[in-house]
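File shown: model.txt. Contents: compact mmCIF, C-alpha atoms.
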# COMPACT_ATOMS: atom_id res chain seq x y z
CA MET A 8 63.51 -6.37 5.54
CA ALA A 9 60.31 -5.32 7.26
CA ASP A 10 60.59 -2.64 9.90
CA VAL A 11 60.88 -4.39 13.27
CA THR A 12 58.65 -1.75 14.88
CA GLY A 13 55.67 -3.33 13.13
CA ARG A 14 56.23 -6.79 14.60
CA PRO A 15 55.21 -8.40 17.93
CA ILE A 16 58.80 -8.41 19.22
CA TRP A 17 58.85 -4.59 19.23
CA ARG A 18 55.58 -4.35 21.14
CA LEU A 19 56.91 -6.89 23.63
CA LEU A 20 60.08 -4.83 24.05
CA LEU A 21 58.06 -1.68 24.80
CA ARG A 22 55.96 -3.59 27.33
CA GLY A 23 59.06 -4.93 29.01
CA LEU A 24 60.66 -1.49 29.20
CA GLY A 25 57.48 -0.12 30.76
CA VAL A 26 57.44 -2.86 33.40
CA TYR A 27 61.12 -3.07 34.29
CA LEU A 28 62.42 0.41 33.43
CA PRO A 29 59.64 2.80 34.50
CA GLY A 30 60.42 6.44 33.85
CA TRP A 31 63.07 5.72 31.23
CA GLU A 32 62.83 7.17 27.74
CA THR A 33 61.74 4.32 25.47
CA PRO A 34 63.07 4.17 21.90
CA ALA A 35 60.98 5.95 19.27
CA GLY A 36 62.38 3.67 16.57
CA VAL A 37 65.41 1.62 15.68
CA ARG A 38 68.85 2.18 14.25
CA ARG A 39 69.58 -0.33 11.52
CA VAL A 40 72.97 -2.07 11.54
CA SER A 41 74.02 -3.70 8.29
CA ASP A 42 76.39 -6.63 7.99
CA GLY A 43 79.67 -4.91 7.21
CA GLY A 44 78.20 -1.47 6.44
CA PRO A 45 77.51 1.75 8.32
CA ALA A 46 74.55 2.25 10.62
CA ALA A 47 71.67 4.41 9.47
CA VAL A 48 68.84 6.13 11.32
CA THR A 49 65.42 4.63 10.57
CA ALA A 50 61.85 4.42 11.83
CA GLY A 51 61.50 7.85 13.32
CA GLY A 52 65.18 8.03 14.18
CA MET A 53 67.34 7.74 17.22
CA GLU A 54 69.97 10.25 18.26
CA THR A 55 73.18 10.10 16.24
CA GLY A 56 76.50 8.97 17.61
CA LEU A 57 77.42 5.65 16.02
CA GLY A 58 79.56 7.25 13.36
CA GLY A 59 81.09 5.37 10.44
CA THR A 60 81.10 1.61 10.39
CA ALA A 61 79.24 0.08 13.32
CA ASN A 62 81.01 -3.26 13.27
CA VAL A 63 84.40 -4.75 12.61
CA PRO A 64 85.25 -8.23 11.33
CA GLY A 65 85.33 -10.74 14.14
CA GLY A 66 86.41 -13.87 12.28
CA SER A 67 84.82 -17.14 13.32
CA PRO A 68 81.75 -17.18 15.58
CA PRO A 69 82.46 -17.36 19.32
CA GLN A 70 82.51 -20.95 20.49
CA GLU A 71 81.69 -22.56 23.80
CA HIS A 72 81.93 -26.26 24.54
CA THR A 73 79.09 -27.27 26.83
CA GLY A 74 78.63 -30.95 26.06
CA PRO A 75 75.53 -32.53 24.47
CA GLY A 76 72.88 -30.19 23.11
CA HIS A 77 69.76 -29.38 25.10
CA THR A 78 66.49 -31.09 24.20
CA GLY A 79 62.95 -30.95 25.56
CA PRO A 80 60.44 -28.10 25.79
CA GLY A 81 63.13 -25.47 25.50
CA HIS A 82 64.71 -26.80 22.29
CA ALA A 83 64.70 -24.03 19.68
CA GLY A 84 65.89 -26.24 16.83
CA GLN A 85 67.53 -23.50 14.75
CA GLY A 86 69.34 -20.24 15.08
CA SER A 87 72.63 -21.22 16.76
CA ALA A 88 75.86 -19.69 15.54
CA GLY A 89 76.90 -21.49 12.36
CA GLU A 90 73.71 -23.55 12.31
CA GLY A 91 71.26 -23.37 9.40
CA HIS A 92 72.88 -20.33 7.74
CA GLU A 93 76.18 -18.99 6.55
CA ALA A 94 78.00 -17.65 9.59
CA ARG A 95 79.11 -14.07 8.95
CA THR A 96 80.24 -12.88 12.36
CA HIS A 97 81.16 -9.35 13.35
CA ALA A 98 82.10 -8.09 16.80
CA PHE A 99 80.93 -4.64 17.84
CA ASN A 100 83.50 -2.06 18.76
CA GLY A 101 82.72 -0.89 22.30
CA GLY A 102 84.22 2.57 21.82
CA ALA A 103 82.73 5.51 19.98
CA GLU A 104 79.95 3.41 18.46
CA GLY A 105 78.33 3.00 21.88
CA PHE A 106 78.17 -0.82 21.88
CA GLY A 107 79.32 -2.76 24.89
CA PRO A 108 82.03 -5.39 24.40
CA PRO A 109 79.79 -8.48 24.73
CA ALA A 110 77.76 -7.84 21.56
CA PHE A 111 78.29 -9.52 18.21
CA LEU A 112 76.41 -9.87 14.93
CA ASN A 113 76.25 -13.32 13.37
CA GLY A 114 74.75 -13.29 9.89
CA ASP A 115 71.09 -14.26 9.58
CA ALA A 116 70.96 -15.35 13.24
CA GLY A 117 71.29 -11.68 14.19
CA PHE A 118 72.73 -10.25 17.38
CA GLY A 119 74.27 -12.17 20.22
CA LEU A 120 76.09 -11.63 23.50
CA GLN A 121 79.44 -13.00 24.62
CA LEU A 122 79.37 -12.94 28.41
CA PRO A 123 82.22 -13.10 30.90
CA GLU A 124 80.48 -15.66 33.11
CA ARG A 125 77.49 -17.92 33.62
CA ARG A 126 75.92 -18.80 36.95
CA ARG A 127 73.36 -21.28 38.19
CA GLY A 128 70.62 -20.62 40.69
CA LEU A 129 69.80 -17.09 39.57
CA GLU A 130 66.09 -16.26 39.35
CA PRO A 131 65.44 -13.33 37.01
CA ASP A 132 62.11 -11.52 36.93
CA ARG A 133 59.75 -12.52 34.14
CA GLU A 134 56.38 -11.61 32.63
CA ILE A 135 54.52 -13.89 30.21
CA TYR A 136 52.16 -12.57 27.53
CA VAL A 137 49.78 -14.56 25.34
CA ARG A 138 48.55 -13.58 21.87
CA GLY A 139 45.54 -15.18 20.19
CA ARG A 140 42.93 -17.69 21.37
CA GLU A 141 42.64 -20.50 18.83
CA ASN A 142 46.39 -21.03 18.40
CA PRO A 143 47.98 -18.81 21.05
CA SER A 144 51.61 -17.75 20.86
CA PHE A 145 53.56 -16.87 23.97
CA GLY A 146 55.97 -14.03 24.55
CA ILE A 147 58.10 -13.53 27.64
CA VAL A 148 60.02 -10.59 29.05
CA VAL A 149 62.91 -11.52 31.35
CA ALA A 150 64.85 -9.02 33.44
CA GLY A 151 67.94 -9.94 35.41
CA PRO A 152 71.65 -10.69 35.14
CA SER A 153 72.78 -12.10 31.79
CA ALA A 154 74.74 -14.79 33.63
CA ALA A 155 71.39 -16.42 34.50
CA ILE A 156 70.95 -17.57 30.88
CA GLY A 157 73.50 -20.28 31.63
CA THR A 158 75.79 -19.93 28.64
CA ARG A 159 78.61 -17.52 27.89
CA VAL A 160 77.67 -17.26 24.20
CA VAL A 161 74.06 -16.16 23.90
CA ASP A 162 72.53 -16.38 20.43
CA ALA A 163 68.91 -16.67 19.32
CA ALA A 164 68.67 -20.41 19.95
CA ALA A 165 70.22 -20.17 23.42
CA LEU A 166 67.93 -17.31 24.43
CA MET A 167 64.88 -19.14 23.10
CA ARG A 168 65.78 -22.31 25.03
CA PHE A 169 66.19 -20.27 28.21
CA ALA A 170 62.86 -18.49 27.66
CA ARG A 171 61.00 -21.75 27.02
CA ARG A 172 62.45 -23.30 30.15
CA LEU A 173 61.29 -20.32 32.22
CA THR A 174 57.86 -20.46 30.62
CA PHE A 175 57.52 -24.15 31.41
CA GLU A 176 58.52 -23.52 35.03
CA GLU A 177 55.98 -20.71 35.34
CA LEU A 178 53.08 -22.72 33.90
CA PHE A 179 53.86 -26.03 35.62
CA ASP A 180 52.14 -26.59 38.95
CA THR A 181 53.93 -29.24 41.00
CA ALA A 182 50.65 -30.00 42.80
CA ASP A 183 48.69 -30.52 39.58
CA ALA A 184 49.78 -33.23 37.15
CA ASP A 185 47.24 -31.93 34.61
CA SER A 186 49.30 -28.76 34.25
CA VAL A 187 52.12 -30.62 32.49
CA PRO A 188 50.56 -30.71 28.97
CA TYR A 189 49.62 -27.04 29.21
CA ALA A 190 53.11 -26.09 30.39
CA VAL A 191 54.71 -28.07 27.56
CA ARG A 192 52.43 -26.47 24.95
CA GLY A 193 53.08 -23.04 26.39
CA ALA A 194 56.86 -23.53 26.31
CA ARG A 195 56.76 -24.72 22.70
CA ALA A 196 54.55 -21.77 21.75
CA VAL A 197 57.08 -19.14 22.88
CA GLU A 198 57.85 -17.10 19.77
CA ASN A 199 59.07 -13.78 21.16
CA VAL A 200 61.62 -13.15 23.92
CA VAL A 201 62.92 -9.92 25.40
CA PHE A 202 65.84 -10.12 27.82
CA LEU A 203 66.94 -7.02 29.75
CA ASP A 204 70.05 -6.83 31.92
CA ARG A 205 69.55 -3.53 33.71
CA ALA A 206 72.85 -3.65 35.60
CA ALA A 207 74.95 -4.31 32.48
CA GLY A 208 72.88 -1.93 30.38
CA ILE A 209 72.18 -4.42 27.61
CA GLY A 210 69.22 -6.26 26.15
CA LEU A 211 68.51 -8.84 23.46
CA CYS A 212 65.28 -9.64 21.61
CA ALA A 213 64.62 -12.98 19.88
CA GLU A 214 61.75 -14.08 17.68
CA VAL A 215 60.72 -17.16 15.71
CA GLU A 216 59.87 -16.58 12.06
CA PRO A 217 56.32 -18.00 11.64
CA MET A 218 56.88 -19.73 8.29
CA THR A 219 60.41 -21.16 8.58
CA ARG A 220 60.46 -21.48 12.41
CA PHE A 221 63.99 -20.05 12.30
CA ALA A 222 65.02 -18.27 15.51
CA ARG A 223 66.93 -15.00 15.22
CA CYS A 224 67.75 -11.95 17.34
CA PRO A 225 66.85 -8.91 15.21
CA VAL A 226 67.14 -6.31 18.01
CA TYR A 227 69.97 -5.39 20.37
CA VAL A 228 69.30 -2.89 23.17
CA ARG A 229 71.58 -0.47 24.99
CA ILE A 230 70.26 0.95 28.27
CA GLY A 231 71.72 4.26 29.39
CA GLY A 232 72.74 5.02 32.96
CA PRO A 233 70.39 6.57 35.53
CA ALA A 234 71.61 10.06 34.63
CA GLU A 235 70.87 9.52 30.94
CA ARG A 236 67.65 7.50 31.28
CA THR A 237 67.44 6.53 27.61
CA VAL A 238 67.11 3.26 25.73
CA ARG A 239 68.60 2.69 22.27
CA ALA A 240 67.47 -0.12 19.98
CA TYR A 241 69.50 -1.47 17.05
CA GLU A 242 68.06 -3.63 14.27
CA THR A 243 70.06 -6.01 12.12
CA ALA A 244 69.68 -5.47 8.42
CA THR A 245 71.17 -8.85 7.46
CA GLY A 246 69.20 -11.53 5.68
CA SER A 247 65.49 -11.32 4.93
CA MET A 248 62.49 -11.51 7.18
Kindly transcribe the structure held in the file into structure tokens.
Amino acid sequence: MADVTGRPIWRLLLRGLGVYLPGWETPAGVRRVSDGGPAAVTAGGMETGLGGTANVPGGSPPQEHTGPGHTGPGHAGQGSAGEGHEARTHAFNGGAEGFGPPAFLNGDAGFGLQLPERRRGLEPDREIYVRGRENPSFGIVVAGPSAAIGTRVVDAAALMRFARRLTFEELFDTADADSVPYAVRGARAVENVVFLDRAAGIGLCAEVEPMTRFARCPVYVRIGGPAERTVRAYETATGSM
């Protein structure tokens, strides 16, 4: 698996931390979390403290019944729990390992969040970034309460749908009908998403693999309290990228 620090999602994470967490200590690298094995320090290292096995078997993937699936500009197509890959789900222990209770690891789809609630009408902050000119790809950093995503089980596909909806809303001008095609293209071109919940101290990063178009969350973020002022990043070592 290629080091995530060499990919666009890592650069987008660092940009987002600089915008929404000024003055905090950004991660120098990542800590790799294997599917069923112990965590190891990689890419320049992070401080130790996980200790032993970083995950415990969680059985079947978390499920949420929300009715018909979402379609339109925000449709990610792949990456949902149990969709397009063998579901190997592990829930993170929120004790000595330093992971909060909502995090889980679901096979090749990567990290996810299981949230206590979802709410409508929340407007998180967001910044959109564009890479390339001929065939631009869009990345978006979103900062706000996790409940704004609109689902209690947040995996790569759910986060990508949310990010594409926000991108469409940002690019669409209600006074200009000609903005619709551009907004649709921009939403479909979202390939990297960083979500930061500063109050809960968690973050999730999703990316679309260029060749397979499979959406996964390879990075989970823990944000320390104001007294600690540090950010820890964890990379899944499951599957291949």
Give me, please, the distance in Å between CA of Tyr227 (chain A) and CA of Ile135 (chain A), quoted to one decimal.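 So the two atoms, CA of Tyr227 (chain A) and CA of Ile135 (chain A), lie 20.2 Å apart.
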Close residues, Asn199 (chain A) itself excluded, 7 Å, all atoms listed in the file, min 3 positions apart in chain, as a list in words: Ile16, Phe145, Gly146, Ile147, Ala213, Glu214 and Val215 of chain A
Got a sec: who's within 12 Å of Glu235 (chain A), counting only C-alpha atoms, leaving out chain neighbours fewer than 5 positions off, as a count of residues only? 7
Enter the distance from CA of Arg127 (chain A) to CA of Asp183 (chain A), in Å, rounded to one decimal.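 These two atoms are separated by 26.4 Å.
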Using only C-alpha atoms: which of A:Asp180, A:Ala170, A:Ala190, A:Glu124 has the shortest distance to Thr158 (chain A):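 That would be A:Glu124, the residue with the smallest distance to Thr158 (chain A).
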Do you know which residues are at most 10 Å from Thr12 (chain A) counting all atoms listed in the file, after dropping those on the same chain fewer than 2 positions away, and could you put them as a ChimeraX atom specification? /A:9-10,14-18,20-21,35-37,50,242
Thr243 (chain A) environment, 8 Å, all atoms listed in the file, sequence neighbours closer than 6 positions dropped, as an NGL selection string: :A and (39-42 or 112 or 117-118 or 225-226)
Show me, as JSON, the centre and edge lengths in Å to one decimal of the axis-aligned box that covers every listed atom of region 174-190 of chain A with 4 Å on each side.
{"center_x": 52.9, "center_y": -26.8, "center_z": 35.9, "size_x": 19.3, "size_y": 20.8, "size_z": 21.8}
One-decimal distance in Å that lies between CA of Phe169 (chain A) and CA of Gly157 (chain A):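 Separation between CA of Gly157 (chain A) and CA of Phe169 (chain A): 8.1 Å.
Proximity to Arg133 (chain A) was assessed for A:Asp185, A:Glu177, A:Glu216, A:Asp162 counting all atoms listed in the file; the smallest distance is recorded for A:Glu177.
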From A:Gly210, A:Pro29, A:Gly13, A:Pro131, residue lying nearest Pro233 (chain A) [only C-alpha atoms]: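 When distances to Pro233 (chain A) are compared using only C-alpha atoms, the smallest one comes from A:Pro29.
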Nearest-residue call for Leu24 (chain A), choices A:Arg205, A:Gly139, A:Arg195, A:Val161, using all atoms listed in the file: A:Arg205
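Proximity to Pro217 (chain A) was assessed for A:Ala196, A:Val238, A:Leu173, A:Ala164 counting all atoms listed in the file; the smallest distance is recorded for A:Ala196.
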Closest to Ala206 (chain A) among A:Ala184, A:Val137, A:Ala154, A:Leu19, using only C-alpha atoms? A:Ala154
Around the point (76.1, -8.6, 26.1) in the file's coordinates, collect all residues with an atom within 6 Å, using all atoms listed in the file, and return them as a list of chain:residue names.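 Selection result: A:Pro109, A:Ala110, A:Leu120, A:Gln121, A:Leu122, A:Ile209.
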Around the point (67.7, -5.0, 32.6), in the coordinates given by the file, pick out the residues reaching within 6 Å, counting all atoms listed in the file, and return them as number ranges by chain. A: 150-151, 203-205
Please list as a VMD selection string every residue within 6 Å of Ala163 (chain A), counting only C-alpha atoms and excluding residues in the same chain fewer than 3 positions away. chain A and resid 86 166 213 222 to 224
Could you write region 110-133 of chain A as a JSON list (two decimals), in the frame of the given file, with N, CA, C and O atoms rebuilt where they are missing?
[["chain", "number", "residue", "atom", "x", "y", "z"],
["A", 110, "ALA", "N", 78.66, -7.67, 22.70],
["A", 110, "ALA", "CA", 77.76, -7.84, 21.56],
["A", 110, "ALA", "C", 78.47, -8.31, 20.30],
["A", 110, "ALA", "O", 79.60, -7.93, 20.05],
["A", 111, "PHE", "N", 77.78, -9.15, 19.52],
["A", 111, "PHE", "CA", 78.29, -9.52, 18.21],
["A", 111, "PHE", "C", 77.12, -9.71, 17.26],
["A", 111, "PHE", "O", 75.97, -9.85, 17.68],
["A", 112, "LEU", "N", 77.42, -9.68, 15.97],
["A", 112, "LEU", "CA", 76.41, -9.87, 14.93],
["A", 112, "LEU", "C", 76.80, -11.08, 14.10],
["A", 112, "LEU", "O", 77.91, -11.13, 13.57],
["A", 113, "ASN", "N", 75.91, -12.05, 14.01],
["A", 113, "ASN", "CA", 76.25, -13.32, 13.37],
["A", 113, "ASN", "C", 75.29, -13.64, 12.23],
["A", 113, "ASN", "O", 74.34, -14.39, 12.38],
["A", 114, "GLY", "N", 75.52, -13.00, 11.08],
["A", 114, "GLY", "CA", 74.75, -13.29, 9.89],
["A", 114, "GLY", "C", 73.25, -13.26, 10.09],
["A", 114, "GLY", "O", 72.72, -12.39, 10.78],
["A", 115, "ASP", "N", 72.54, -14.23, 9.50],
["A", 115, "ASP", "CA", 71.09, -14.26, 9.58],
["A", 115, "ASP", "C", 70.56, -14.54, 10.98],
["A", 115, "ASP", "O", 69.40, -14.28, 11.27],
["A", 116, "ALA", "N", 71.40, -15.09, 11.86],
["A", 116, "ALA", "CA", 70.96, -15.35, 13.24],
["A", 116, "ALA", "C", 70.86, -14.06, 14.05],
["A", 116, "ALA", "O", 70.27, -14.05, 15.12],
["A", 117, "GLY", "N", 71.44, -12.97, 13.54],
["A", 117, "GLY", "CA", 71.29, -11.68, 14.19],
["A", 117, "GLY", "C", 72.28, -11.44, 15.31],
["A", 117, "GLY", "O", 73.39, -11.97, 15.31],
["A", 118, "PHE", "N", 71.86, -10.66, 16.28],
["A", 118, "PHE", "CA", 72.73, -10.25, 17.38],
["A", 118, "PHE", "C", 72.94, -11.39, 18.37],
["A", 118, "PHE", "O", 72.15, -12.32, 18.46],
["A", 119, "GLY", "N", 74.00, -11.23, 19.14],
["A", 119, "GLY", "CA", 74.27, -12.17, 20.22],
["A", 119, "GLY", "C", 75.11, -11.48, 21.28],
["A", 119, "GLY", "O", 75.59, -10.35, 21.09],
["A", 120, "LEU", "N", 75.30, -12.15, 22.40],
["A", 120, "LEU", "CA", 76.09, -11.63, 23.50],
["A", 120, "LEU", "C", 77.17, -12.63, 23.88],
["A", 120, "LEU", "O", 76.89, -13.83, 23.94],
["A", 121, "GLN", "N", 78.36, -12.16, 24.10],
["A", 121, "GLN", "CA", 79.44, -13.00, 24.62],
["A", 121, "GLN", "C", 79.72, -12.54, 26.04],
["A", 121, "GLN", "O", 80.26, -11.45, 26.26],
["A", 122, "LEU", "N", 79.36, -13.35, 27.01],
["A", 122, "LEU", "CA", 79.37, -12.94, 28.41],
["A", 122, "LEU", "C", 80.61, -13.43, 29.14],
["A", 122, "LEU", "O", 81.18, -14.47, 28.80],
["A", 123, "PRO", "N", 81.03, -12.70, 30.16],
["A", 123, "PRO", "CA", 82.22, -13.10, 30.90],
["A", 123, "PRO", "C", 82.00, -14.29, 31.83],
["A", 123, "PRO", "O", 82.95, -14.95, 32.23],
["A", 124, "GLU", "N", 80.73, -14.56, 32.18],
["A", 124, "GLU", "CA", 80.48, -15.66, 33.11],
["A", 124, "GLU", "C", 79.06, -16.19, 32.95],
["A", 124, "GLU", "O", 78.21, -15.56, 32.34],
["A", 125, "ARG", "N", 78.82, -17.34, 33.53],
["A", 125, "ARG", "CA", 77.49, -17.92, 33.62],
["A", 125, "ARG", "C", 77.34, -18.46, 35.04],
["A", 125, "ARG", "O", 78.30, -18.93, 35.64],
["A", 126, "ARG", "N", 76.14, -18.38, 35.57],
["A", 126, "ARG", "CA", 75.92, -18.80, 36.95],
["A", 126, "ARG", "C", 74.60, -19.55, 37.06],
["A", 126, "ARG", "O", 73.63, -19.24, 36.36],
["A", 127, "ARG", "N", 74.58, -20.54, 37.94],
["A", 127, "ARG", "CA", 73.36, -21.28, 38.19],
["A", 127, "ARG", "C", 72.66, -20.74, 39.44],
["A", 127, "ARG", "O", 73.28, -20.11, 40.28],
["A", 128, "GLY", "N", 71.38, -20.99, 39.50],
["A", 128, "GLY", "CA", 70.62, -20.62, 40.69],
["A", 128, "GLY", "C", 70.08, -19.21, 40.69],
["A", 128, "GLY", "O", 69.40, -18.82, 41.64],
["A", 129, "LEU", "N", 70.34, -18.44, 39.64],
["A", 129, "LEU", "CA", 69.80, -17.09, 39.57],
["A", 129, "LEU", "C", 68.36, -17.12, 39.11],
["A", 129, "LEU", "O", 67.99, -17.91, 38.23],
["A", 130, "GLU", "N", 67.51, -16.29, 39.69],
["A", 130, "GLU", "CA", 66.09, -16.26, 39.35],
["A", 130, "GLU", "C", 65.72, -14.87, 38.84],
["A", 130, "GLU", "O", 65.34, -13.99, 39.62],
["A", 131, "PRO", "N", 65.80, -14.64, 37.55],
["A", 131, "PRO", "CA", 65.44, -13.33, 37.01],
["A", 131, "PRO", "C", 63.93, -13.11, 37.05],
["A", 131, "PRO", "O", 63.14, -14.06, 37.11],
["A", 132, "ASP", "N", 63.53, -11.85, 37.02],
["A", 132, "ASP", "CA", 62.11, -11.52, 36.93],
["A", 132, "ASP", "C", 61.61, -11.89, 35.54],
["A", 132, "ASP", "O", 62.36, -11.87, 34.57],
["A", 133, "ARG", "N", 60.31, -12.19, 35.45],
["A", 133, "ARG", "CA", 59.75, -12.52, 34.14],
["A", 133, "ARG", "C", 58.26, -12.21, 34.08],
["A", 133, "ARG", "O", 57.56, -12.28, 35.10]]
